Amino acid sequence: MSDKTTGLIHHPYVPPEGFAAPQPGVFKASTVIFPSVAAMRSREWKDKTGYTYGLHGTPTTYLLEERLCALEGGTQCVLVPSGLAAIANVGLALLQSGDEVLIPDNAYGPNKALAEGELKGWGITHQLYDAMDPQDLAHRIGPKTKLVWLEAAGSVTLEFPDLRELLRICRQAGVLTALDNTWGAGLAFNPFDLEHQGEGGLGVDISVHALTKYPSGGGDVLMGSVVTRDEKLHLRLKLTHMRLGLGVGANDVEAVLRSLPSLALRYAAHDRAARALARWCQSRPEFAQVLHPALPGSPGHEQWRALCGEAAGRAAGLFSVIFDARYSRAQVDAFCDALQLFKLGYSWGGPMSLVVPYELAGMRPAWPAHLARGSLVRFSAGLEAVEDLQADLAQALQAARA
Ligand SMILES: Cc1ncc(COP(=O)(O)O)c(C=O)c1O
């Protein structure tokens, strides 16, 4: 070697195989090295038995994909840089000019914004349907409908739909279904087998997951996944994924892989905390309504019970409250500002409890009849001690009253 730099790049040492440890190694690559031109030419990028280019997969990304398939009950997965990118990957792969997509009226807001702000410009129309009225969905499905989004529970207002009935309607109409399964996290119910009948049972075609939330669990990673059970469908998603260049960083993948083993424990802890706090909120005169699908009387509680059962660990750590109408927006803002442990911040699923005040009037076409009128605040219960969180809510309520 004439120059030290060449020796630093082409050094003959290769780390030995056979090293075993609880956590997998992290493989990073944009470039993948081929042993020969023939190997380069014969390599099929879609095939998971080898490697072509960092964007198409590394041992680290394949490993996370396989674990997410195990979590959600699917067989194929693509990883994308955020939960919203996962939603976009689905729409861009499956919809063309002239098609229509149906979205629940209580869906994650940016899903609706994507349809309004991007898909519309490409000649793809959308309609919002009433997630709590399967007949409304049935009436809206037409010849142009190519995709129906589902979400359980709905974002912010947390109504739990009759997922099985919505799916039956879509199946009968021959329309593809995609579920935003971030709330269920692969733990509350099995998206590909809602009747526990095994292969071929009633299930969604696609499950999208914002790994940003519970699978990451740290509030420090943005990532999404799109899981399917259908090889052909997966290929359509993967081709779009490849053409859009939707890669994920190995360090972020490692963070999610490290958090996955504690996912079920954390989910159960978030669930316990949220239920305890939601029940406490129900006893408070400041609130006109508490929204949490595991609470009797909350919209969709019966559907939640039928699908997820009553055992602990079958609901996410989210709940919302609607303040009694006598509380002004300014008082509700003062309540949020007064919280010490619940931090003001979007997203959820991490160790720190979070709170967001929402303007429901701007989020829904009309105020839903099943929701009390008043200011809505959504909480994500973190992993702090429940008594501390409850005391925090109590002191902030006092501040709001003052
Ligand atoms: C239900 C739901 N789906 C998808 C997303 C998008 O995830 P990300 O923040 O990773 O884009 C979010 C984020 O808040 C969400 O709440």
# chains A, B, ... in the order shown; residues from 1 in each chain; ligands from 1
>>> select_by_dssp(residues="range 33-241 of chain A", states="strand (DSSP E or B)", output="ChimeraX atom specification")
/A:53,76-80,100-104,125-129,145-151,176-180,206-210,224-228
>>> write_last_selection(atoms="N, CA, C and O atoms", output="compact mmCIF listing (two decimals), in the first residue's frame")
# COMPACT_ATOMS: atom_id res chain seq x y z
N TYR A 53 -28.46 -2.96 -1.90
CA TYR A 53 -28.19 -1.54 -1.66
C TYR A 53 -28.86 -1.20 -0.34
O TYR A 53 -29.90 -1.79 0.01
N GLN A 76 -45.08 -9.99 5.55
CA GLN A 76 -44.19 -9.10 4.80
C GLN A 76 -44.24 -7.72 5.41
O GLN A 76 -45.30 -7.30 5.88
N CYS A 77 -43.12 -7.00 5.31
CA CYS A 77 -43.08 -5.67 5.95
C CYS A 77 -42.16 -4.74 5.18
O CYS A 77 -41.14 -5.18 4.67
N VAL A 78 -42.52 -3.49 5.10
CA VAL A 78 -41.56 -2.47 4.68
C VAL A 78 -41.45 -1.43 5.79
O VAL A 78 -42.42 -1.15 6.49
N LEU A 79 -40.24 -0.90 5.95
CA LEU A 79 -39.98 0.13 6.97
C LEU A 79 -39.84 1.48 6.29
O LEU A 79 -39.23 1.58 5.22
N VAL A 80 -40.40 2.49 6.91
CA VAL A 80 -40.37 3.84 6.34
C VAL A 80 -39.99 4.85 7.44
O VAL A 80 -40.02 4.51 8.62
N GLU A 100 -60.80 6.44 -5.68
CA GLU A 100 -61.26 7.13 -4.46
C GLU A 100 -60.82 6.34 -3.23
O GLU A 100 -60.79 5.11 -3.25
N VAL A 101 -60.48 7.07 -2.18
CA VAL A 101 -60.11 6.44 -0.91
C VAL A 101 -61.09 6.94 0.15
O VAL A 101 -61.47 8.10 0.15
N LEU A 102 -61.53 6.04 1.03
CA LEU A 102 -62.44 6.41 2.11
C LEU A 102 -61.67 6.39 3.42
O LEU A 102 -60.92 5.45 3.72
N ILE A 103 -61.86 7.44 4.21
CA ILE A 103 -61.09 7.64 5.45
C ILE A 103 -62.07 7.88 6.59
O ILE A 103 -63.04 8.65 6.42
N PRO A 104 -61.85 7.27 7.76
CA PRO A 104 -62.77 7.53 8.88
C PRO A 104 -62.73 9.00 9.29
O PRO A 104 -61.66 9.63 9.23
N THR A 125 -59.75 11.13 -5.47
CA THR A 125 -60.72 11.77 -4.56
C THR A 125 -60.79 11.00 -3.24
O THR A 125 -60.32 9.85 -3.15
N HIS A 126 -61.38 11.64 -2.23
CA HIS A 126 -61.57 10.95 -0.96
C HIS A 126 -62.89 11.38 -0.35
O HIS A 126 -63.42 12.45 -0.65
N GLN A 127 -63.42 10.52 0.51
CA GLN A 127 -64.60 10.87 1.31
C GLN A 127 -64.29 10.45 2.73
O GLN A 127 -63.62 9.44 2.97
N LEU A 128 -64.83 11.21 3.68
CA LEU A 128 -64.76 10.80 5.07
C LEU A 128 -66.03 10.02 5.37
O LEU A 128 -67.11 10.39 4.92
N TYR A 129 -65.89 8.93 6.13
CA TYR A 129 -67.09 8.20 6.54
C TYR A 129 -67.19 8.19 8.06
O TYR A 129 -66.19 8.37 8.76
N THR A 145 -64.05 3.36 -5.51
CA THR A 145 -63.38 3.13 -4.23
C THR A 145 -62.36 2.01 -4.36
O THR A 145 -62.71 0.87 -4.68
N LYS A 146 -61.10 2.33 -4.08
CA LYS A 146 -60.03 1.32 -4.21
C LYS A 146 -59.40 1.00 -2.85
O LYS A 146 -58.69 0.01 -2.73
N LEU A 147 -59.63 1.87 -1.88
CA LEU A 147 -58.97 1.68 -0.59
C LEU A 147 -59.84 2.28 0.51
O LEU A 147 -60.39 3.37 0.35
N VAL A 148 -59.96 1.52 1.62
CA VAL A 148 -60.66 2.04 2.80
C VAL A 148 -59.69 2.02 3.98
O VAL A 148 -59.10 0.98 4.29
N TRP A 149 -59.51 3.19 4.60
CA TRP A 149 -58.69 3.26 5.82
C TRP A 149 -59.55 2.94 7.03
O TRP A 149 -60.75 3.28 7.07
N LEU A 150 -58.94 2.30 8.01
CA LEU A 150 -59.61 1.98 9.27
C LEU A 150 -58.69 2.44 10.39
O LEU A 150 -57.46 2.44 10.23
N GLU A 151 -59.28 2.80 11.52
CA GLU A 151 -58.46 3.17 12.68
C GLU A 151 -59.22 2.77 13.94
O GLU A 151 -60.41 3.09 14.07
N LEU A 176 -59.81 -2.99 -0.96
CA LEU A 176 -58.67 -3.21 -0.06
C LEU A 176 -58.82 -2.37 1.21
O LEU A 176 -59.33 -1.25 1.17
N THR A 177 -58.34 -2.93 2.32
CA THR A 177 -58.42 -2.22 3.60
C THR A 177 -57.03 -2.02 4.18
O THR A 177 -56.17 -2.90 4.12
N ALA A 178 -56.83 -0.84 4.75
CA ALA A 178 -55.57 -0.55 5.46
C ALA A 178 -55.94 -0.01 6.84
O ALA A 178 -56.75 0.92 6.95
N LEU A 179 -55.37 -0.62 7.86
CA LEU A 179 -55.64 -0.20 9.24
C LEU A 179 -54.45 0.58 9.78
O LEU A 179 -53.31 0.13 9.66
N ASP A 180 -54.72 1.74 10.38
CA ASP A 180 -53.68 2.40 11.17
C ASP A 180 -53.72 1.73 12.54
O ASP A 180 -54.60 1.98 13.36
N ILE A 206 -53.82 -4.62 5.02
CA ILE A 206 -52.57 -3.92 5.36
C ILE A 206 -52.67 -3.35 6.77
O ILE A 206 -53.70 -2.79 7.14
N SER A 207 -51.61 -3.51 7.54
CA SER A 207 -51.55 -2.88 8.86
C SER A 207 -50.38 -1.90 8.89
O SER A 207 -49.24 -2.28 8.64
N VAL A 208 -50.71 -0.67 9.16
CA VAL A 208 -49.70 0.39 9.24
C VAL A 208 -49.46 0.71 10.71
O VAL A 208 -50.40 0.74 11.50
N HIS A 209 -48.21 0.92 11.07
CA HIS A 209 -47.89 1.13 12.48
C HIS A 209 -46.90 2.29 12.59
O HIS A 209 -45.84 2.27 11.95
N ALA A 210 -47.23 3.30 13.38
CA ALA A 210 -46.25 4.35 13.69
C ALA A 210 -45.35 3.79 14.80
O ALA A 210 -45.68 3.84 15.98
N GLY A 224 -41.94 4.10 10.69
CA GLY A 224 -43.23 3.47 10.44
C GLY A 224 -43.05 2.14 9.74
O GLY A 224 -41.97 1.86 9.19
N SER A 225 -44.09 1.32 9.78
CA SER A 225 -44.03 0.03 9.08
C SER A 225 -45.34 -0.20 8.35
O SER A 225 -46.39 0.30 8.74
N VAL A 226 -45.24 -0.99 7.28
CA VAL A 226 -46.42 -1.41 6.52
C VAL A 226 -46.34 -2.92 6.40
O VAL A 226 -45.45 -3.45 5.73
N VAL A 227 -47.26 -3.60 7.08
CA VAL A 227 -47.22 -5.07 7.13
C VAL A 227 -48.41 -5.63 6.35
O VAL A 227 -49.52 -5.09 6.40
N THR A 228 -48.15 -6.71 5.62
CA THR A 228 -49.22 -7.40 4.87
C THR A 228 -49.04 -8.91 5.04
O THR A 228 -48.04 -9.37 5.59
>>> residues_around(residues="Ala396 in chain A", least_positions_apart="4", cutoff="10 Å", atoms="only C-alpha atoms", output="list of chain:residue names")
A:Val332, A:Ala334, A:Phe335, A:Cys336, A:Asp337, A:Ala338, A:Leu339, A:Gln340, A:Gln390, A:Ala391, A:Asp392, A:Ala400, A:Arg401, A:Ala402
>>> write_last_selection(atoms="N, CA and C atoms", output="PDB file, in the first residue's frame")
ATOM      1  N   VAL A 332     -59.069  26.204  30.112  1.00  0.00           N
ATOM      2  CA  VAL A 332     -58.543  24.883  29.723  1.00  0.00           C
ATOM      3  C   VAL A 332     -57.062  24.997  29.353  1.00  0.00           C
ATOM      4  N   ALA A 334     -55.086  27.167  30.621  1.00  0.00           N
ATOM      5  CA  ALA A 334     -54.393  27.374  31.911  1.00  0.00           C
ATOM      6  C   ALA A 334     -54.180  26.028  32.612  1.00  0.00           C
ATOM      7  N   PHE A 335     -55.179  25.146  32.499  1.00  0.00           N
ATOM      8  CA  PHE A 335     -55.051  23.786  33.060  1.00  0.00           C
ATOM      9  C   PHE A 335     -53.846  23.074  32.421  1.00  0.00           C
ATOM     10  N   CYS A 336     -53.762  23.130  31.100  1.00  0.00           N
ATOM     11  CA  CYS A 336     -52.663  22.435  30.402  1.00  0.00           C
ATOM     12  C   CYS A 336     -51.310  23.061  30.786  1.00  0.00           C
ATOM     13  N   ASP A 337     -51.295  24.380  30.874  1.00  0.00           N
ATOM     14  CA  ASP A 337     -50.047  25.062  31.233  1.00  0.00           C
ATOM     15  C   ASP A 337     -49.620  24.734  32.666  1.00  0.00           C
ATOM     16  N   ALA A 338     -50.601  24.481  33.530  1.00  0.00           N
ATOM     17  CA  ALA A 338     -50.298  24.249  34.946  1.00  0.00           C
ATOM     18  C   ALA A 338     -49.769  22.829  35.202  1.00  0.00           C
ATOM     19  N   LEU A 339     -49.982  21.923  34.262  1.00  0.00           N
ATOM     20  CA  LEU A 339     -49.512  20.543  34.454  1.00  0.00           C
ATOM     21  C   LEU A 339     -47.983  20.525  34.544  1.00  0.00           C
ATOM     22  N   GLN A 340     -47.481  19.747  35.474  1.00  0.00           N
ATOM     23  CA  GLN A 340     -46.033  19.691  35.675  1.00  0.00           C
ATOM     24  C   GLN A 340     -45.423  18.427  35.080  1.00  0.00           C
ATOM     25  N   GLN A 390     -51.903  11.539  38.921  1.00  0.00           N
ATOM     26  CA  GLN A 390     -53.232  11.958  39.401  1.00  0.00           C
ATOM     27  C   GLN A 390     -53.126  13.268  40.199  1.00  0.00           C
ATOM     28  N   ALA A 391     -52.101  13.356  41.036  1.00  0.00           N
ATOM     29  CA  ALA A 391     -51.895  14.586  41.825  1.00  0.00           C
ATOM     30  C   ALA A 391     -51.618  15.762  40.887  1.00  0.00           C
ATOM     31  N   ASP A 392     -50.909  15.495  39.810  1.00  0.00           N
ATOM     32  CA  ASP A 392     -50.619  16.555  38.838  1.00  0.00           C
ATOM     33  C   ASP A 392     -51.919  17.063  38.201  1.00  0.00           C
ATOM     34  N   ALA A 400     -56.904  25.784  37.011  1.00  0.00           N
ATOM     35  CA  ALA A 400     -57.877  26.169  35.983  1.00  0.00           C
ATOM     36  C   ALA A 400     -59.077  26.857  36.615  1.00  0.00           C
ATOM     37  N   ARG A 401     -59.513  26.328  37.777  1.00  0.00           N
ATOM     38  CA  ARG A 401     -60.677  26.927  38.452  1.00  0.00           C
ATOM     39  C   ARG A 401     -60.355  28.334  38.936  1.00  0.00           C
ATOM     40  N   ALA A 402     -59.107  28.492  39.387  1.00  0.00           N
ATOM     41  CA  ALA A 402     -58.700  29.813  39.869  1.00  0.00           C
ATOM     42  C   ALA A 402     -58.576  30.768  38.691  1.00  0.00           C
TER      43      ALA A 402
END
>>> residues_around(residues="Gly186 in chain A", least_positions_apart="5", cutoff="10 Å", atoms="only C-alpha atoms", output="list in words")
Leu68, Cys69, Ala70, Leu71, Glu72, Gly73, Asn181, Pro191, Phe192, Ser207, His209, Pro215, Leu263, Ala264 and Arg314 of chain A
>>> residues_near_ligand(ligand="ligand 1", cutoff="8 Å", atoms="only C-alpha atoms and all ligand atoms", output="PyMOL selection string")
chain A and resi 81-87+107-108+110-111+151+154-155+180-183+209-213+222-224+346-348
>>> closest_atom_pairs(of="range 143-186 of chain A", to="range 295-307 of chain A", cutoff="6 Å", atoms="only C-alpha atoms", output="Markdown table")
| residue | atom | partner | partner_atom | distance |
| --- | --- | --- | --- | --- |
| A:Glu159 | CA | A:Pro299 | CA | 5.0 |
| A:Phe160 | CA | A:Gly300 | CA | 4.3 |
| A:Pro161 | CA | A:Gly300 | CA | 5.8 |
| A:Asp162 | CA | A:Gln303 | CA | 5.4 |
>>> write_last_selection(atoms="N, CA and C atoms", output="PDB file, in the first residue's frame")
ATOM      1  N   GLU A 159     -63.043   6.914  19.755  1.00  0.00           N
ATOM      2  CA  GLU A 159     -64.203   6.030  19.575  1.00  0.00           C
ATOM      3  C   GLU A 159     -63.694   4.699  19.008  1.00  0.00           C
ATOM      4  N   PHE A 160     -64.254   3.604  19.483  1.00  0.00           N
ATOM      5  CA  PHE A 160     -63.818   2.303  18.967  1.00  0.00           C
ATOM      6  C   PHE A 160     -64.876   1.788  17.988  1.00  0.00           C
ATOM      7  N   PRO A 161     -64.502   1.606  16.725  1.00  0.00           N
ATOM      8  CA  PRO A 161     -65.506   1.201  15.721  1.00  0.00           C
ATOM      9  C   PRO A 161     -65.781  -0.297  15.768  1.00  0.00           C
ATOM     10  N   ASP A 162     -66.821  -0.703  15.062  1.00  0.00           N
ATOM     11  CA  ASP A 162     -67.096  -2.134  14.876  1.00  0.00           C
ATOM     12  C   ASP A 162     -66.223  -2.590  13.710  1.00  0.00           C
TER      13      ASP A 162
END
>>> residues_around(residues="Leu371 in chain A", least_positions_apart="2", cutoff="9 Å", atoms="only C-alpha atoms", output="list in words")
Thr157, Gln289, Leu291, Pro299, Ile322, Trp367, Pro368, Ala369, Arg373 and Gly374 of chain A
>>> select_by_dssp(residues="range 44-238 of chain A", states="alpha helix (DSSP H)", output="JSON, numbers by chain")
{"A": [59, 60, 61, 62, 63, 64, 65, 66, 67, 68, 69, 70, 71, 72, 83, 84, 85, 86, 87, 88, 89, 90, 91, 92, 93, 94, 109, 110, 111, 112, 113, 114, 115, 116, 117, 134, 135, 136, 137, 138, 139, 140, 163, 164, 165, 166, 167, 168, 169, 170, 171, 172, 173, 231, 232, 233, 234, 235, 236, 237, 238]}
>>> residues_around(residues="His56 in chain A", least_positions_apart="2", cutoff="8 Å", atoms="only C-alpha atoms", output="NGL selection string")
:A and (45-46 or 51-54 or 58 or 242 or 247)
>>> write_last_selection(atoms="N, CA, C and O atoms", output="mmCIF file, in the first residue's frame")
data_model
loop_
_atom_site.group_PDB
_atom_site.id
_atom_site.type_symbol
_atom_site.label_atom_id
_atom_site.label_comp_id
_atom_site.auth_asym_id
_atom_site.auth_seq_id
_atom_site.Cartn_x
_atom_site.Cartn_y
_atom_site.Cartn_z
ATOM 1 N N TRP A 45 -33.058 -7.481 -6.222
ATOM 2 C CA TRP A 45 -33.160 -6.612 -5.034
ATOM 3 C C TRP A 45 -34.366 -6.923 -4.164
ATOM 4 O O TRP A 45 -34.366 -6.666 -2.972
ATOM 5 N N LYS A 46 -35.439 -7.494 -4.764
ATOM 6 C CA LYS A 46 -36.669 -7.719 -3.985
ATOM 7 C C LYS A 46 -36.575 -8.959 -3.101
ATOM 8 O O LYS A 46 -37.388 -9.178 -2.217
ATOM 9 N N TYR A 51 -28.351 -9.059 -0.423
ATOM 10 C CA TYR A 51 -28.351 -7.607 -0.218
ATOM 11 C C TYR A 51 -27.888 -6.906 -1.482
ATOM 12 O O TYR A 51 -27.006 -7.408 -2.187
ATOM 13 N N THR A 52 -28.483 -5.774 -1.776
ATOM 14 C CA THR A 52 -28.193 -5.066 -3.020
ATOM 15 C C THR A 52 -27.717 -3.647 -2.774
ATOM 16 O O THR A 52 -26.753 -3.185 -3.368
ATOM 17 N N TYR A 53 -28.458 -2.963 -1.898
ATOM 18 C CA TYR A 53 -28.193 -1.542 -1.657
ATOM 19 C C TYR A 53 -28.858 -1.199 -0.336
ATOM 20 O O TYR A 53 -29.900 -1.785 0.015
ATOM 21 N N GLY A 54 -28.264 -0.261 0.396
ATOM 22 C CA GLY A 54 -28.793 0.067 1.724
ATOM 23 C C GLY A 54 -30.292 0.326 1.754
ATOM 24 O O GLY A 54 -30.995 -0.128 2.655
ATOM 25 N N THR A 58 -30.828 -4.236 4.878
ATOM 26 C CA THR A 58 -29.595 -4.746 5.487
ATOM 27 C C THR A 58 -30.024 -5.849 6.460
ATOM 28 O O THR A 58 -31.223 -5.975 6.760
ATOM 29 N N MET A 242 -39.428 1.620 -2.935
ATOM 30 C CA MET A 242 -38.119 1.702 -3.591
ATOM 31 C C MET A 242 -38.045 2.947 -4.467
ATOM 32 O O MET A 242 -37.081 3.715 -4.403
ATOM 33 N N GLY A 247 -35.890 5.172 2.918
ATOM 34 C CA GLY A 247 -35.003 4.365 3.769
ATOM 35 C C GLY A 247 -35.134 4.713 5.239
ATOM 36 O O GLY A 247 -35.716 5.737 5.607
#
>>> atom_distance(atom1="CA of Pro15 in chain A", atom2="CA of Pro59 in chain A")
15.5 Å
>>> atom_distance(atom1="CA of Leu354 in chain A", atom2="CA of Arg378 in chain A")
8.3 Å
>>> atom_distance(atom1="CA of Glu254 in chain A", atom2="CA of His270 in chain A")
22.7 Å
>>> residues_around(residues="range 171-174 of chain A", least_positions_apart="6", cutoff="9 Å", atoms="only C-alpha atoms", output="PDB file with N, CA, C and O atoms, in the first residue's frame")
ATOM      1  N   ALA A 138     -70.867   1.614   4.046  1.00  0.00           N
ATOM      2  CA  ALA A 138     -71.448   0.803   2.969  1.00  0.00           C
ATOM      3  C   ALA A 138     -72.025   1.705   1.875  1.00  0.00           C
ATOM      4  O   ALA A 138     -71.841   1.440   0.674  1.00  0.00           O
ATOM      5  N   ILE A 141     -69.174   3.415  -0.376  1.00  0.00           N
ATOM      6  CA  ILE A 141     -68.327   2.612  -1.275  1.00  0.00           C
ATOM      7  C   ILE A 141     -68.970   2.599  -2.662  1.00  0.00           C
ATOM      8  O   ILE A 141     -70.145   2.294  -2.811  1.00  0.00           O
ATOM      9  N   GLY A 142     -68.184   2.974  -3.657  1.00  0.00           N
ATOM     10  CA  GLY A 142     -68.690   2.982  -5.031  1.00  0.00           C
ATOM     11  C   GLY A 142     -67.682   2.354  -5.961  1.00  0.00           C
ATOM     12  O   GLY A 142     -66.648   1.842  -5.510  1.00  0.00           O
ATOM     13  N   LYS A 146     -61.095   2.333  -4.081  1.00  0.00           N
ATOM     14  CA  LYS A 146     -60.030   1.323  -4.205  1.00  0.00           C
ATOM     15  C   LYS A 146     -59.400   1.000  -2.852  1.00  0.00           C
ATOM     16  O   LYS A 146     -58.688   0.012  -2.728  1.00  0.00           O
ATOM     17  N   LEU A 202     -61.139 -13.391   8.978  1.00  0.00           N
ATOM     18  CA  LEU A 202     -61.421 -11.979   8.709  1.00  0.00           C
ATOM     19  C   LEU A 202     -60.269 -11.115   9.214  1.00  0.00           C
ATOM     20  O   LEU A 202     -59.945 -11.136  10.408  1.00  0.00           O
TER      21      LEU A 202
END
